[in-house]
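Structure file query.json; described as JSON, C-alpha atoms and all ligand atoms.
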[["chain", "number", "residue", "atom", "x", "y", "z"],
["C", 16, "MET", "CA", 12.14, -82.87, -141.71],
["C", 17, "LYS", "CA", 8.62, -81.50, -141.41],
["C", 18, "LEU", "CA", 6.04, -81.64, -144.21],
["C", 19, "ILE", "CA", 3.22, -79.09, -144.43],
["C", 20, "LYS", "CA", 0.37, -79.53, -146.89],
["C", 21, "ALA", "CA", -1.43, -76.54, -148.43],
["C", 22, "GLU", "CA", -4.83, -75.99, -146.83],
["C", 23, "VAL", "CA", -6.54, -76.51, -150.19],
["C", 24, "LEU", "CA", -5.11, -78.87, -152.77],
["C", 25, "GLY", "CA", -6.00, -81.52, -155.33],
["C", 26, "TYR", "CA", -9.15, -82.28, -157.31],
["C", 27, "CYS", "CA", -11.49, -79.37, -157.94],
["C", 28, "MET", "CA", -15.24, -79.72, -158.43],
["C", 29, "GLY", "CA", -15.01, -79.70, -162.25],
["C", 30, "VAL", "CA", -12.34, -82.38, -162.46],
["C", 31, "ARG", "CA", -14.01, -84.59, -159.83],
["C", 32, "ARG", "CA", -17.28, -84.32, -161.75],
["C", 33, "ALA", "CA", -15.61, -85.25, -165.08],
["C", 34, "VAL", "CA", -13.79, -88.21, -163.51],
["C", 35, "THR", "CA", -17.02, -89.48, -161.88],
["C", 36, "MET", "CA", -18.92, -89.15, -165.15],
["C", 37, "ALA", "CA", -16.21, -91.10, -166.98],
["C", 38, "GLU", "CA", -16.18, -93.84, -164.33],
["C", 39, "GLU", "CA", -19.95, -94.22, -164.58],
["C", 40, "ALA", "CA", -19.89, -94.21, -168.39],
["C", 41, "VAL", "CA", -17.20, -96.89, -168.54],
["C", 42, "LYS", "CA", -19.14, -99.08, -166.08],
["C", 43, "ALA", "CA", -22.49, -98.63, -167.83],
["C", 44, "ALA", "CA", -21.08, -99.22, -171.32],
["C", 45, "ALA", "CA", -18.95, -102.26, -170.48],
["C", 46, "GLY", "CA", -18.87, -104.59, -173.50],
["C", 47, "VAL", "CA", -21.73, -102.75, -175.26],
["C", 48, "HIS", "CA", -20.46, -99.35, -176.34],
["C", 49, "ARG", "CA", -17.04, -97.89, -176.93],
["C", 50, "VAL", "CA", -16.34, -94.95, -174.64],
["C", 51, "TYR", "CA", -14.03, -92.14, -175.67],
["C", 52, "THR", "CA", -12.88, -88.85, -174.27],
["C", 53, "LEU", "CA", -12.02, -86.08, -176.66],
["C", 54, "GLY", "CA", -8.38, -85.52, -175.75],
["C", 55, "PRO", "CA", -7.09, -86.64, -172.34],
["C", 56, "LEU", "CA", -9.82, -86.43, -169.67],
["C", 57, "ILE", "CA", -7.51, -84.69, -167.21],
["C", 58, "HIS", "CA", -3.85, -83.77, -167.17],
["C", 59, "ASN", "CA", -2.73, -86.59, -164.97],
["C", 60, "PRO", "CA", -0.85, -89.54, -166.47],
["C", 61, "GLN", "CA", -1.63, -92.01, -163.65],
["C", 62, "VAL", "CA", -5.39, -91.43, -163.79],
["C", 63, "LEU", "CA", -5.32, -91.67, -167.59],
["C", 64, "GLU", "CA", -3.46, -94.98, -167.37],
["C", 65, "GLN", "CA", -6.11, -96.39, -165.00],
["C", 66, "PHE", "CA", -8.88, -95.29, -167.34],
["C", 67, "ARG", "CA", -7.07, -96.79, -170.33],
["C", 68, "ASP", "CA", -6.95, -100.13, -168.50],
["C", 69, "GLN", "CA", -10.72, -99.90, -167.96],
["C", 70, "GLY", "CA", -11.29, -99.43, -171.69],
["C", 71, "LEU", "CA", -11.64, -95.65, -171.95],
["C", 72, "GLU", "CA", -10.12, -94.56, -175.24],
["C", 73, "VAL", "CA", -8.81, -91.10, -176.15],
["C", 74, "LEU", "CA", -9.89, -89.52, -179.42],
["C", 75, "ASP", "CA", -7.69, -87.13, -181.33],
["C", 76, "GLU", "CA", -9.92, -84.38, -182.69],
["C", 77, "THR", "CA", -7.70, -83.99, -185.76],
["C", 78, "ALA", "CA", -8.17, -87.65, -186.70],
["C", 79, "LEU", "CA", -11.74, -88.55, -185.78],
["C", 80, "PRO", "CA", -13.11, -91.91, -186.99],
["C", 81, "GLU", "CA", -15.65, -91.71, -189.83],
["C", 82, "ASP", "CA", -18.35, -93.44, -187.82],
["C", 83, "LEU", "CA", -18.96, -93.02, -184.10],
["C", 84, "THR", "CA", -22.40, -94.60, -184.09],
["C", 85, "SER", "CA", -23.24, -96.16, -180.73],
["C", 86, "SER", "CA", -20.05, -94.72, -179.20],
["C", 87, "ILE", "CA", -20.11, -92.49, -176.16],
["C", 88, "VAL", "CA", -17.86, -89.44, -176.35],
["C", 89, "ILE", "CA", -17.16, -87.57, -173.13],
["C", 90, "ILE", "CA", -16.46, -83.87, -173.49],
["C", 91, "ARG", "CA", -13.82, -83.07, -170.89],
["C", 92, "ALA", "CA", -13.93, -80.32, -168.27],
["C", 93, "HIS", "CA", -12.20, -77.74, -170.53],
["C", 94, "GLY", "CA", -15.11, -77.90, -172.97],
["C", 95, "ILE", "CA", -15.02, -77.83, -176.77],
["C", 96, "THR", "CA", -16.27, -75.60, -179.59],
["C", 97, "PRO", "CA", -19.92, -75.90, -180.73],
["C", 98, "HIS", "CA", -18.56, -76.72, -184.20],
["C", 99, "LEU", "CA", -16.69, -79.77, -182.92],
["C", 100, "GLU", "CA", -19.75, -80.79, -180.93],
["C", 101, "SER", "CA", -21.86, -80.83, -184.09],
["C", 102, "ILE", "CA", -19.20, -82.80, -186.02],
["C", 103, "LEU", "CA", -19.27, -85.48, -183.31],
["C", 104, "ALA", "CA", -23.07, -85.55, -183.32],
["C", 105, "CYS", "CA", -23.09, -85.91, -187.14],
["C", 106, "LYS", "CA", -20.81, -88.91, -186.84],
["C", 107, "GLY", "CA", -23.39, -90.54, -184.60],
["C", 108, "ALA", "CA", -21.66, -90.11, -181.23],
["C", 109, "ARG", "CA", -23.68, -89.94, -178.04],
["C", 110, "LEU", "CA", -22.21, -86.96, -176.26],
["C", 111, "MET", "CA", -21.73, -86.84, -172.53],
["C", 112, "ASP", "CA", -20.94, -83.27, -171.56],
["C", 113, "ALA", "CA", -18.46, -83.04, -168.67],
["C", 114, "THR", "CA", -17.63, -79.39, -169.40],
["C", 115, "CYS", "CA", -17.07, -77.79, -166.01],
["C", 116, "PRO", "CA", -20.05, -75.55, -165.12],
["C", 117, "THR", "CA", -17.62, -72.68, -164.50],
["C", 118, "VAL", "CA", -16.16, -73.02, -168.00],
["C", 119, "LYS", "CA", -19.66, -73.37, -169.44],
["C", 120, "LYS", "CA", -20.51, -70.01, -167.85],
["C", 121, "SER", "CA", -17.56, -68.37, -169.65],
["C", 122, "GLN", "CA", -18.63, -69.93, -172.97],
["C", 123, "ILE", "CA", -22.19, -68.64, -172.60],
["C", 124, "LYS", "CA", -20.99, -65.20, -171.48],
["C", 125, "ALA", "CA", -18.64, -64.96, -174.49],
["C", 126, "ARG", "CA", -21.46, -65.79, -176.89],
["C", 127, "SER", "CA", -23.82, -63.30, -175.28],
["C", 128, "LEU", "CA", -21.22, -60.49, -175.39],
["C", 129, "ILE", "CA", -20.57, -61.12, -179.09],
["C", 130, "HIS", "CA", -24.31, -61.00, -179.78],
["C", 131, "ARG", "CA", -24.44, -57.65, -177.96],
["C", 132, "GLY", "CA", -21.75, -56.21, -180.23],
["C", 133, "TYR", "CA", -18.73, -56.38, -177.92],
["C", 134, "ARG", "CA", -15.12, -56.97, -178.97],
["C", 135, "ILE", "CA", -13.80, -59.52, -176.53],
["C", 136, "PHE", "CA", -10.29, -59.85, -175.19],
["C", 137, "LEU", "CA", -9.65, -63.34, -173.84],
["C", 138, "ALA", "CA", -6.73, -63.58, -171.41],
["C", 139, "GLY", "CA", -5.10, -67.00, -171.40],
["C", 140, "GLU", "CA", -2.96, -69.59, -173.10],
["C", 141, "ARG", "CA", -3.68, -69.53, -176.84],
["C", 142, "TYR", "CA", -3.43, -73.30, -177.35],
["C", 143, "HIS", "CA", -5.19, -74.39, -174.16],
["C", 144, "GLY", "CA", -8.34, -76.46, -174.69],
["C", 145, "GLU", "CA", -10.49, -74.13, -172.59],
["C", 146, "VAL", "CA", -9.39, -71.04, -174.54],
["C", 147, "ILE", "CA", -9.94, -72.79, -177.89],
["C", 148, "GLY", "CA", -13.39, -73.91, -176.70],
["C", 149, "ILE", "CA", -14.42, -70.37, -175.67],
["C", 150, "GLN", "CA", -13.16, -69.01, -178.99],
["C", 151, "GLY", "CA", -15.64, -71.35, -180.63],
["C", 152, "TYR", "CA", -18.44, -69.35, -178.93],
["C", 153, "ALA", "CA", -16.85, -66.00, -179.79],
["C", 154, "PRO", "CA", -14.80, -66.50, -182.97],
["C", 155, "SER", "CA", -13.75, -62.84, -183.25],
["C", 156, "CYS", "CA", -12.31, -62.67, -179.73],
["C", 157, "LEU", "CA", -8.72, -61.53, -179.29],
["C", 158, "VAL", "CA", -6.57, -63.91, -177.25],
["C", 159, "VAL", "CA", -3.87, -62.19, -175.18],
["C", 160, "ALA", "CA", -1.35, -64.09, -173.11],
["C", 161, "ASP", "CA", 0.22, -61.28, -171.05],
["C", 162, "PRO", "CA", 0.06, -57.51, -170.44],
["C", 163, "GLY", "CA", 2.54, -56.76, -173.28],
["C", 164, "GLU", "CA", 0.46, -58.63, -175.81],
["C", 165, "ALA", "CA", -2.72, -57.09, -174.38],
["C", 166, "ARG", "CA", -1.26, -53.57, -174.87],
["C", 167, "GLU", "CA", -0.26, -54.27, -178.49],
["C", 168, "THR", "CA", -3.60, -55.87, -179.32],
["C", 169, "ALA", "CA", -5.60, -53.10, -177.64],
["C", 170, "GLU", "CA", -3.57, -50.44, -179.46],
["C", 171, "ALA", "CA", -4.21, -52.13, -182.82],
["C", 172, "LEU", "CA", -7.94, -52.36, -182.09],
["C", 173, "TYR", "CA", -8.01, -48.75, -180.92],
["C", 174, "ARG", "CA", -6.48, -47.63, -184.24],
["C", 175, "SER", "CA", -9.18, -49.39, -186.27],
["C", 176, "ALA", "CA", -12.16, -49.08, -183.90],
["C", 177, "PRO", "CA", -11.55, -46.45, -181.18],
["C", 178, "THR", "CA", -15.15, -46.49, -179.96],
["C", 179, "ALA", "CA", -15.54, -50.28, -179.82],
["C", 180, "LYS", "CA", -17.46, -51.72, -176.87],
["C", 181, "THR", "CA", -14.93, -54.02, -175.21],
["C", 182, "ALA", "CA", -15.00, -56.74, -172.59],
["C", 183, "LEU", "CA", -12.35, -58.93, -171.00],
["C", 184, "LEU", "CA", -12.75, -62.60, -170.14],
["C", 185, "GLY", "CA", -10.03, -64.82, -168.72],
["C", 186, "GLN", "CA", -9.08, -68.47, -168.66],
["C", 187, "THR", "CA", -10.50, -69.84, -165.41],
["C", 188, "THR", "CA", -7.03, -70.73, -164.12],
["C", 189, "ILE", "CA", -5.28, -67.40, -164.71],
["C", 190, "ALA", "CA", -3.58, -65.80, -161.68],
["C", 191, "PRO", "CA", -5.60, -62.77, -160.42],
["C", 192, "ASP", "CA", -2.58, -60.38, -160.55],
["C", 193, "GLU", "CA", -1.82, -61.43, -164.13],
["C", 194, "TYR", "CA", -5.46, -60.84, -165.07],
["C", 195, "GLN", "CA", -5.32, -57.46, -163.40],
["C", 196, "GLY", "CA", -2.17, -56.55, -165.37],
["C", 197, "ILE", "CA", -3.84, -57.50, -168.65],
["C", 198, "ALA", "CA", -6.97, -55.53, -167.71],
["C", 199, "GLN", "CA", -4.89, -52.41, -166.96],
["C", 200, "ALA", "CA", -3.07, -52.64, -170.30],
["C", 201, "ILE", "CA", -6.37, -52.75, -172.23],
["C", 202, "HIS", "CA", -8.01, -50.17, -170.01],
["C", 203, "ALA", "CA", -5.40, -47.58, -171.10],
["C", 204, "TYR", "CA", -6.98, -47.67, -174.58],
["C", 205, "PHE", "CA", -10.55, -48.58, -173.68],
["C", 206, "PRO", "CA", -11.51, -46.93, -170.36],
["C", 207, "HIS", "CA", -15.00, -48.46, -170.50],
["C", 208, "LEU", "CA", -13.62, -52.00, -170.72],
["C", 209, "GLU", "CA", -15.99, -54.45, -168.98],
["C", 210, "ILE", "CA", -13.90, -56.79, -166.88],
["C", 211, "ILE", "CA", -15.72, -60.07, -166.32],
["C", 212, "ASP", "CA", -14.61, -62.10, -163.34],
["C", 213, "THR", "CA", -14.13, -65.56, -164.82],
["C", 214, "ILE", "CA", -11.42, -66.81, -162.49],
["C", 215, "CYS", "CA", -12.55, -70.04, -160.91],
["C", 216, "LYS", "CA", -12.93, -70.17, -157.12],
["C", 217, "ALA", "CA", -11.06, -73.48, -157.03],
["C", 218, "THR", "CA", -8.11, -71.78, -158.73],
["C", 219, "ARG", "CA", -8.20, -68.80, -156.38],
["C", 220, "ASP", "CA", -8.43, -71.07, -153.32],
["C", 221, "ARG", "CA", -5.46, -73.21, -154.39],
["C", 222, "GLN", "CA", -3.36, -70.16, -155.27],
["C", 223, "TYR", "CA", -4.27, -68.42, -152.03],
["C", 224, "ALA", "CA", -3.43, -71.54, -149.99],
["C", 225, "LEU", "CA", -0.10, -71.78, -151.78],
["C", 226, "ARG", "CA", 0.76, -68.12, -151.12],
["C", 227, "LYS", "CA", -0.01, -68.72, -147.47],
["C", 228, "LEU", "CA", 2.16, -71.82, -147.38],
["C", 229, "CYS", "CA", 5.22, -70.43, -149.19],
["C", 230, "PRO", "CA", 6.63, -68.25, -146.34],
["C", 231, "GLN", "CA", 6.34, -71.18, -143.91],
["C", 232, "VAL", "CA", 8.55, -73.60, -145.85],
["C", 233, "ASP", "CA", 12.13, -73.94, -147.08],
["C", 234, "ALA", "CA", 11.24, -75.88, -150.23],
["C", 235, "LEU", "CA", 8.05, -76.83, -151.99],
["C", 236, "LEU", "CA", 6.73, -79.68, -154.12],
["C", 237, "VAL", "CA", 3.82, -79.04, -156.46],
["C", 238, "VAL", "CA", 2.22, -82.36, -157.31],
["C", 239, "GLY", "CA", 0.44, -82.68, -160.63],
["C", 240, "GLY", "CA", 0.64, -83.22, -164.36],
["C", 241, "LYS", "CA", 3.19, -81.23, -166.36],
["C", 242, "GLU", "CA", 0.47, -80.55, -168.96],
["C", 243, "SER", "CA", -1.87, -79.09, -166.36],
["C", 244, "ALA", "CA", -2.18, -75.28, -166.69],
["C", 245, "ASN", "CA", -3.26, -74.71, -163.09],
["C", 246, "THR", "CA", -0.47, -76.95, -161.72],
["C", 247, "ARG", "CA", 2.17, -75.11, -163.75],
["C", 248, "ARG", "CA", 0.68, -71.83, -162.51],
["C", 249, "LEU", "CA", 1.11, -72.95, -158.89],
["C", 250, "LEU", "CA", 4.76, -73.73, -159.58],
["C", 251, "ALA", "CA", 5.28, -70.31, -161.21],
["C", 252, "ILE", "CA", 3.69, -68.53, -158.24],
["C", 253, "ALA", "CA", 5.89, -70.39, -155.73],
["C", 254, "GLN", "CA", 9.01, -69.62, -157.75],
["C", 255, "ALA", "CA", 8.03, -65.97, -158.17],
["C", 256, "LEU", "CA", 7.73, -65.77, -154.38],
["C", 257, "GLY", "CA", 11.35, -66.92, -154.17],
["C", 258, "ASN", "CA", 10.72, -70.52, -153.09],
["C", 259, "GLN", "CA", 12.78, -73.51, -154.18],
["C", 260, "ALA", "CA", 9.99, -75.41, -155.89],
["C", 261, "TRP", "CA", 9.60, -78.46, -158.12],
["C", 262, "LEU", "CA", 6.70, -79.89, -160.09],
["C", 263, "VAL", "CA", 6.51, -83.66, -159.59],
["C", 264, "GLU", "CA", 4.24, -86.06, -161.44],
["C", 265, "ARG", "CA", 5.40, -89.18, -159.61],
["C", 266, "ALA", "CA", 7.45, -90.10, -156.54],
["C", 267, "ALA", "CA", 10.47, -90.93, -158.71],
["C", 268, "GLU", "CA", 10.72, -87.22, -159.56],
["C", 269, "ILE", "CA", 11.10, -86.03, -155.97],
["C", 270, "PRO", "CA", 14.50, -84.29, -155.83],
["C", 271, "PRO", "CA", 16.91, -86.55, -153.92],
["C", 272, "GLY", "CA", 18.04, -83.69, -151.65],
["C", 273, "ILE", "CA", 14.54, -82.79, -150.47],
["C", 274, "ARG", "CA", 15.00, -84.22, -146.97],
["C", 275, "ALA", "CA", 17.86, -81.77, -146.36],
["C", 276, "TYR", "CA", 15.30, -78.96, -146.08],
["C", 277, "PRO", "CA", 13.93, -78.56, -142.55],
["C", 278, "VAL", "CA", 10.39, -77.72, -143.70],
["C", 279, "VAL", "CA", 8.94, -78.87, -147.03],
["C", 280, "GLY", "CA", 5.58, -77.70, -148.39],
["C", 281, "LEU", "CA", 3.22, -79.76, -150.52],
["C", 282, "ALA", "CA", 0.71, -78.25, -152.94],
["C", 283, "ALA", "CA", -1.20, -79.93, -155.77],
["C", 284, "GLY", "CA", -3.04, -78.88, -158.91],
["C", 285, "ALA", "CA", -6.77, -79.24, -159.45],
["C", 286, "SER", "CA", -6.35, -82.42, -161.51],
["C", 287, "THR", "CA", -4.22, -84.28, -158.96],
["C", 288, "PRO", "CA", -5.95, -87.26, -157.29],
["C", 289, "ASP", "CA", -5.82, -87.69, -153.51],
["C", 290, "GLU", "CA", -4.02, -91.06, -153.81],
["C", 291, "LEU", "CA", -1.10, -89.43, -155.64],
["C", 292, "ILE", "CA", -0.86, -86.61, -153.12],
["C", 293, "ASP", "CA", -0.76, -89.18, -150.30],
["C", 294, "ARG", "CA", 1.82, -91.30, -152.11],
["C", 295, "ILE", "CA", 4.11, -88.29, -152.62],
["C", 296, "ALA", "CA", 3.65, -87.16, -149.01],
["C", 297, "LYS", "CA", 4.61, -90.63, -147.76],
["C", 298, "ALA", "CA", 7.57, -90.83, -150.12],
["C", 299, "VAL", "CA", 8.91, -87.45, -148.98],
["C", 300, "THR", "CA", 8.80, -88.40, -145.33],
["C", 301, "ASN", "CA", 10.11, -91.90, -145.92],
["C", 302, "ARG", "CA", 13.47, -92.30, -147.67],
["C", 303, "THR", "CA", 12.81, -95.98, -148.42],
["C", 304, "LEU", "CA", 9.60, -95.14, -150.28],
["C", 305, "ILE", "CA", 11.38, -92.66, -152.52],
["C", 306, "ARG", "CA", 13.75, -95.45, -153.58],
["C", 307, "GLU", "CA", 10.91, -97.94, -154.04],
["C", 308, "ASN", "CA", 9.09, -95.58, -156.36],
["C", 309, "LEU", "CA", 12.05, -94.94, -158.61],
["C", 401, "LIG", "S1", -10.23, -75.45, -162.11],
["C", 401, "LIG", "FE1", -12.25, -74.49, -161.87],
["C", 401, "LIG", "S2", -12.92, -74.14, -163.96],
["C", 401, "LIG", "FE2", -11.29, -75.64, -164.09],
["C", 401, "LIG", "S3", -12.32, -77.61, -164.01],
["C", 401, "LIG", "FE3", -11.78, -77.06, -161.92],
["C", 401, "LIG", "S4", -13.61, -76.07, -161.06],
["C", 401, "LIG", "FE4", -13.79, -76.07, -163.29]]
Take the structure from the file and write it as structure tokens.
Amino acid sequence: MKLIKAEVLGYCMGVRRAVTMAEEAVKAAAGVHRVYTLGPLIHNPQVLEQFRDQGLEVLDETALPEDLTSSIVIIRAHGITPHLESILACKGARLMDATCPTVKKSQIKARSLIHRGYRIFLAGERYHGEVIGIQGYAPSCLVVADPGEARETAEALYRSAPTAKTALLGQTTIAPDEYQGIAQAIHAYFPHLEIIDTICKATRDRQYALRKLCPQVDALLVVGGKESANTRRLLAIAQALGNQAWLVERAAEIPPGIRAYPVVGLAAGASTPDELIDRIAKAVTNRTLIRENL
């Protein structure tokens, strides 16, 4: 059996930056300050476990402690709303902002469009942290998950405000063809729609590398967290292209029959650490390792 890795895979710039910031914060604060992340730092259970062992605690934004004085709170790469930021500051937290610069750009753009009188459509997953964070900068924006929802929402807006100035922003991890479909649906009602290119280069690169890999393989493993939007997107793309594909978080999840395929592809989401990618690659090519990792 032959294993081919995607040309681009694993940690993106934003995730690497957030992980490095958290490592440094944990080291610097050892025994002096408590260090928290607001929600899980990244969607990868193994990395989160390692951080937990080093003393990094995860805060639930719906149950924040009364007093965060002398605590460090790391804002993760997805970003948060300005409202939540001020709540944390009022509780005395020292904020360390690991919002990915690409996400930050979307937040700032959303705020500026609202100030200039635009109605914003935001294409993405309604309950994803990044989308919720951007909504905090543009509270009146209309979140649309797919072209059908975009059509319905645009039609409703057209009925109440046919001359509205409109703009479209997208979650950084949305697939370009999906974004295009959503843009077309809105464009039918608002021909002057301003389409802002918010898709992250890291996302494009990983999706492009995956599309290139798919025709070369008989089966494909996408390594990454099941909660990770960009990892799930990679899986969906591979399956839409007709590939047998599985999302695996750990070696124990590698399908037992994988070695029956002559050529297996390996892709990984933007929050997947190199060590995990290597471990899965070794396990796939070594039957003994698959058993050891069970
Ligand atoms: S996928 Fe892109 S936007 Fe998201 S954290 Fe990584 S670099 Fe930033």
- Note on the structure: From the list C:Asp75, C:Glu164, C:Asp68, C:Glu145, the nearest residue to Thr96 of chain C using only C-alpha atoms is C:Glu145
- Could you tell me which of C:Asp233, C:Asp192, C:Glu76, C:Asp220 comes closest to ligand LIG 401 (chain C) if we count only C-alpha atoms and all ligand atoms?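 Selected residue with least distance to ligand LIG 401 (chain C): C:Asp220.
Near Arg109 of chain C, within 12 Å and counting all atoms listed in the file, sit Ala40, Ala44, His48, Arg49, Val50, Tyr51, Thr52, Asp82, Leu83, Thr84, Ser85, Ser86, Ile87, Val88, Ile89, Ile90, Glu100, Ser101, Ile102, Leu103, Ala104, Cys105, Lys106, Gly107, Met111 and Asp112 of chain C; same-chain residues fewer than 2 positions away were not included.
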- Task: Quick one: residues within 9 Å of (-22.3, -65.6, -164.8) (file frame), counting only C-alpha atoms, please, as an NGL selection string.
- Result: :C and (117 or 120-121 or 123-124 or 211-213)
- Task: Name the residues, using the chain letters and numbers of the file, that sit within 12 Å of (-2.0, -77.5, -179.6) when counting all atoms listed in the file, and give them as a PyMOL selection string.
- Result: chain C and resi 54+75-77+140-147+242
Writer output for current selection, C-alpha atoms, as a CSV table (one decimal), in the frame of the given file:
chain,number,residue,atom,x,y,z
C,54,GLY,CA,-8.4,-85.5,-175.8
C,75,ASP,CA,-7.7,-87.1,-181.3
C,76,GLU,CA,-9.9,-84.4,-182.7
C,77,THR,CA,-7.7,-84.0,-185.8
C,140,GLU,CA,-3.0,-69.6,-173.1
C,141,ARG,CA,-3.7,-69.5,-176.8
C,142,TYR,CA,-3.4,-73.3,-177.4
C,143,HIS,CA,-5.2,-74.4,-174.2
C,144,GLY,CA,-8.3,-76.5,-174.7
C,145,GLU,CA,-10.5,-74.1,-172.6
C,146,VAL,CA,-9.4,-71.0,-174.5
C,147,ILE,CA,-9.9,-72.8,-177.9
C,242,GLU,CA,0.5,-80.6,-169.0
What are the nearest atom pairs, with distances in Å to one decimal, for all residues of chain C that come at most 7 Å from ligand LIG 401 (chain C), using only C-alpha atoms and all ligand atoms, set out by chain and rising residue number as a tab-separated table?
residue	atom	partner	partner_atom	distance
C:Cys27	CA	C:LIG401	FE3	4.6
C:Met28	CA	C:LIG401	S4	4.8
C:Gly29	CA	C:LIG401	S3	3.8
C:Val30	CA	C:LIG401	S3	5.0
C:Ala92	CA	C:LIG401	S3	5.3
C:His93	CA	C:LIG401	S3	6.5
C:Cys115	CA	C:LIG401	FE4	4.6
C:Pro116	CA	C:LIG401	FE4	6.5
C:Thr117	CA	C:LIG401	S2	5.0
C:Val118	CA	C:LIG401	S2	5.3
C:Thr187	CA	C:LIG401	S2	5.1
C:Thr188	CA	C:LIG401	S1	6.0
C:Cys215	CA	C:LIG401	FE1	4.6
C:Lys216	CA	C:LIG401	FE1	6.5
C:Ala217	CA	C:LIG401	FE1	5.1
C:Thr218	CA	C:LIG401	S1	5.4
C:Ala285	CA	C:LIG401	S1	5.8
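The coordinates place atom CA of Gly280 of chain C at 6.2 Å from atom CA of Leu236 of chain C.
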- Smallest atom-to-atom distance to Arg134 of chain C: which of C:Leu208, C:Leu74, C:Ala266, C:Ile95, using only C-alpha atoms? C:Leu208
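Considering the residues C:Thr114, C:Ala296, C:Val47, C:His98 and counting only C-alpha atoms, Ala33 of chain C has its shortest atom-to-atom contact with C:Thr114.
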- Message: So, with all atoms listed in the file as the atoms that count, which of C:Ile19, C:Ala182, C:Val159, C:Leu262 lies closest to Ala244 of chain C?
- Response: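 Smallest distance to Ala244 of chain C is found for C:Leu262.
Counting all atoms listed in the file, the residue from C:Ile295, C:Leu249, C:Val62, C:Cys156 that sits nearest to Val279 of chain C is C:Ile295.
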- Message: If we count only C-alpha atoms and set the cut-off at 7 Å, which residues sit around Ala282 of chain C, ignoring sequence neighbours fewer than 2 positions away in its own chain? Please answer as number ranges by chain.
- Response: C: 20-21, 24, 225, 236-238, 280
- Atom-to-atom span, atom CA of Tyr26 of chain C and atom CA of Val232 of chain C, Å: 22.8 Å
Please provide the set of residues having any atom within 10 Å of Gly46 of chain C, restricted to only C-alpha atoms, with same-chain residues fewer than 4 positions apart removed, written as a short mmCIF file (atom, residue, chain, number, x, y, z; two decimals) with C-alpha atoms, in the coordinates of the input.
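The resulting out.cif:
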data_model
loop_
_atom_site.label_atom_id
_atom_site.label_comp_id
_atom_site.auth_asym_id
_atom_site.auth_seq_id
_atom_site.Cartn_x
_atom_site.Cartn_y
_atom_site.Cartn_z
CA VAL C 41 -17.20 -96.89 -168.54
CA LYS C 42 -19.14 -99.08 -166.08
CA GLY C 70 -11.29 -99.43 -171.69
#
- Task: Quick one: pull the distance between atom CA of Pro191 of chain C and atom CA of Pro154 of chain C, Å, one decimal.
- Result: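 If I compute the distance from atom CA of Pro191 of chain C to atom CA of Pro154 of chain C, I get 24.6 Å.
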- Item | Contacts of Asp161 of chain C at 9 Å (all atoms listed in the file; same-chain gap of 3+ positions) as number ranges by chain | C: 138-139, 164-166, 193-194, 196-197
Given 8 Å of margin on each side, can you work out the centre and size in Å (one decimal) of an axis-aligned box holding every listed atom of segment 133-142 of chain C, as AutoDock Vina command-line options?
--center_x -10.8 --center_y -64.8 --center_z -175.2 --size_x 31.8 --size_y 32.9 --size_z 23.6
